[in-house]
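Since the structure comes first, as structure tokens, the remarks are kept for the end.
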Amino acid sequence: MNMQQVIEEGEQVLLHTYNRYPVVLDRGDGMYLYDIEGKKYLDFCAGIAVFALGYNNERYNSAVKAQVDKLLHTSNYYYSQPTVEAAKKLTKVTGMDRVFFTNSGAEAIEGAIKTARKYAYLRDKSTDHEIIAMNHSFHGRTMGALSVTGNEPYRQPFLPMIGNIRFADFNDLKSVKALVNDKTCAILMETVQGEGGIHPADPYFMKGIRQLCDDNDILLILDEIQCGMGRSGKMFAFEHYGITPDILTVAKAVGCGVPVGAFLMTERVAKASLVPGDHGTTYGGNPLAGCAVSTVLDLFEEYDILENVTRVGRYLSAKLEDLVMEYDCLLGQRGLGLMQGLVFDTSKATPGEIVKKALEKGLILITAGPDVIRFLPPLIVKEEHVDEMLAIFRECLL
Ligand SMILES: *Cc1c(COP(=O)(O)O)cnc(C)c1O
């Protein structure tokens, strides 16, 4: 089949929940993807921050293949070695004490919400606790995750949401304080808002939120599904702020392609929340997922991914700043490490159109909200790839 045939057939059978680009991807290698007609694409999206190690990493592939031949799945009624290994490594790098593996980011958010509600329930036996989430946040598409996602058009057709969620403004401590009362059980936010347009938390905000939580026995849930796993230049973005969460969600790059996520918590929260019977999953953290996570964390260390992110991230953000000085249609640049956004004056250029043009020229990018283009390359990216990306990107800005 050629590309057009696959696209036409896909349009007949896939539920139309995405406006897909007219490209059929076939294989990947390092920083590059190839479509089924052999066209090469430089990838600055990484499957939305998933492929931290780039495509077709031999070490990762062979570890996962070996696990396929050994045992894929057990159910969570039994132990498996790869999963215990993954849990040991993930608790170590996050500084958390206990982990529950899920199949996706949204499921990790569901688990975090349940943990917070159970914690508060055990404390006072009431069932009307509130969670404070942020405007312009994104936490996933299942009902619970959608309920804490501060994007009205995503929510409206599916009302009613789960109850007792209040929305404050990200980086506006007063707006959060105004919502705190004795029913508040958790504050949930991304450390760096991703879909909302690449907004890192301000240090004063993050410290203030942590203090507010400590003062009122409120659990701080940080969603690092996109900004975690090295993308910010630290293993987790909260490390930039000198604070730690009570509950942490991860997904995307934690499996580098094998679908896996997790919610993690401190021992204090674990001891006072979920018990056997409270939560479960058939697939979550099966041996294949465990093997993927365990291998990813080994390779992160071996390749010194954090050093690379810090160095190339600095290079990328300086180059993007240059673009902002140069082009009228660009208003600013922001981000941490290899999670960068360029803000457009949409009266002069539309991010969606630029992303389309870039794709035609063999560069994969992604938007974030109506006025931002996001740069989320695999974390193995080098300066030369940034230069190659910029050469194509400049052609698209003309
Ligand atoms: C992608 C994302 C999610 C949802 O993850 P899924 O695996 O798509 O369910 C949640 N939170 C953040 C910050 C994300 O970027």
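Identifiers for the structure tokens are assigned positionally: chains receive A, B, ... in sequence, residues are indexed from 1 per chain, and ligands are indexed from 1 in the order shown.
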Enumerate, in order of chain and increasing residue number, the residues of chain A with an atom no farther than 7 Å from ligand 1, each with its shortest atom pair and distance in Å to one decimal, counting only C-alpha atoms and all ligand atoms, as CSV.
residue,atom,partner,partner_atom_place_in_ligand_line,distance
A:Ser104,CA,ligand 1,7 (O),3.9
A:Gly105,CA,ligand 1,5 (O),3.3
A:Ala106,CA,ligand 1,9 (O),3.5
A:Glu107,CA,ligand 1,9 (O),6.4
A:Phe138,CA,ligand 1,11 (N),5.4
A:His139,CA,ligand 1,10 (C),3.6
A:Gly140,CA,ligand 1,4 (C),3.9
A:Arg141,CA,ligand 1,9 (O),6.5
A:Glu190,CA,ligand 1,13 (C),5.8
A:Gln193,CA,ligand 1,13 (C),6.7
A:Gly194,CA,ligand 1,15 (O),5.8
A:Glu195,CA,ligand 1,15 (O),6.5
A:Asp223,CA,ligand 1,13 (C),5.6
A:Glu224,CA,ligand 1,13 (C),5.9
A:Ile225,CA,ligand 1,12 (C),4.8
A:Gln226,CA,ligand 1,15 (O),4.2
A:Ala251,CA,ligand 1,7 (O),6.2
A:Lys252,CA,ligand 1,7 (O),6.2
Self-check item: Distance query Phe158 in chain A at most 10 Å, only C-alpha atoms, self and fewer than 6 positions along chain excluded, as a PyMOL selection string
Solution: chain A and resi 143+146-147
Output C-alpha atoms of each residue in that selection to a file, as a PDB file, in the first residue's frame.
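What landed in result.pdb:
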ATOM      1  CA  MET A 143     -13.090  11.239  33.450  1.00  0.00           C
ATOM      2  CA  LEU A 146     -10.373  15.430  32.671  1.00  0.00           C
ATOM      3  CA  SER A 147     -12.026  16.655  35.857  1.00  0.00           C
TER       4      SER A 147
END
Exercise. Using DSSP on the backbone coordinates, identify all residues within range 77-225 of chain A classified as helix (DSSP H, G or I); present the result as a VMD selection string.
Key: chain A and resid 81 to 94 105 to 124 143 to 147 152 to 158 173 to 177 203 to 216
Quick one: contact table of range 120-165 of chain A to range 351-369 of chain A, 12 Å max, nearest atom pair and distance in Å to one decimal per residue, counting only C-alpha atoms, chain and number order, as CSV?
residue,atom,partner,partner_atom,distance
A:His136,CA,A:Gly369,CA,9.0
A:Ser137,CA,A:Gly369,CA,10.7
A:Phe138,CA,A:Ala368,CA,10.7
A:Asn151,CA,A:Gly369,CA,10.3
Self-check item: Which residue of A:Asp29, A:Glu383, A:Glu301, A:Asp69 approaches Gly54 in chain A most closely, using only C-alpha atoms
Solution: A:Asp29
Self-check item: Spatial neighbours of range 199-209 of chain A, max dist 8 Å, only C-alpha atoms, sep filter under 2 positions, as a count of residues only
Solution: 19
Quick one: which range 271-322 of chain A residues come within 12 Å of range 387-392 of chain A, and what is the nearest atom pair for each with the distance in Å to one decimal, counting only C-alpha atoms, rows ordered by chain and ascending number, as CSV?
residue,atom,partner,partner_atom,distance
A:Val312,CA,A:Asp387,CA,10.9
A:Tyr315,CA,A:Asp387,CA,9.7
A:Leu316,CA,A:Asp387,CA,8.8
A:Ser317,CA,A:Leu390,CA,11.6
A:Ala318,CA,A:Asp387,CA,11.8
A:Lys319,CA,A:Leu390,CA,8.2
A:Leu320,CA,A:Leu390,CA,8.6
A:Glu321,CA,A:Leu390,CA,11.9
A:Asp322,CA,A:Leu390,CA,10.8
Write out as a CSV table (one decimal) with N, CA and C atoms, in the first residue's frame which residues come within 9 Å of Val269 in chain A when counting only C-alpha atoms, dropping same-chain ones fewer than 4 positions away.
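out17.csv written:
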chain,number,residue,atom,x,y,z
A,115,THR,N,-5.7,8.3,45.8
A,115,THR,CA,-4.9,8.3,46.9
A,115,THR,C,-5.1,9.5,47.8
A,116,ALA,N,-5.3,10.7,47.2
A,116,ALA,CA,-5.5,11.9,48.0
A,116,ALA,C,-6.9,11.8,48.7
A,119,TYR,N,-6.7,9.3,51.6
A,119,TYR,CA,-5.9,9.9,52.7
A,119,TYR,C,-6.8,10.8,53.6
A,219,LEU,N,-2.1,17.4,50.5
A,219,LEU,CA,-1.1,16.7,49.7
A,219,LEU,C,-0.8,17.5,48.4
A,246,ASP,N,4.2,15.2,47.6
A,246,ASP,CA,3.8,14.0,48.4
A,246,ASP,C,3.4,12.9,47.5
A,247,ILE,N,2.9,13.2,46.3
A,247,ILE,CA,2.5,12.2,45.3
A,247,ILE,C,3.1,12.8,44.0
A,265,MET,N,4.5,7.8,45.8
A,265,MET,CA,4.2,8.6,47.0
A,265,MET,C,5.2,8.4,48.1
A,273,SER,N,-3.2,5.7,53.3
A,273,SER,CA,-4.1,5.8,52.1
A,273,SER,C,-4.5,4.5,51.6
A,274,LEU,N,-4.1,4.1,50.4
A,274,LEU,CA,-4.6,2.9,49.7
A,274,LEU,C,-4.2,1.6,50.4
Each residue of range 268-330 of chain A lying at most 6 Å from range 227-233 of chain A should get a row with its shortest atom-to-atom pair and the distance in Å to one decimal, counting only C-alpha atoms; could you produce that, ordered by chain and increasing number, as CSV?
residue,atom,partner,partner_atom,distance
A:Leu306,CA,A:Gly233,CA,5.3
A:Val309,CA,A:Gly233,CA,5.1
A:Thr310,CA,A:Gly233,CA,4.8
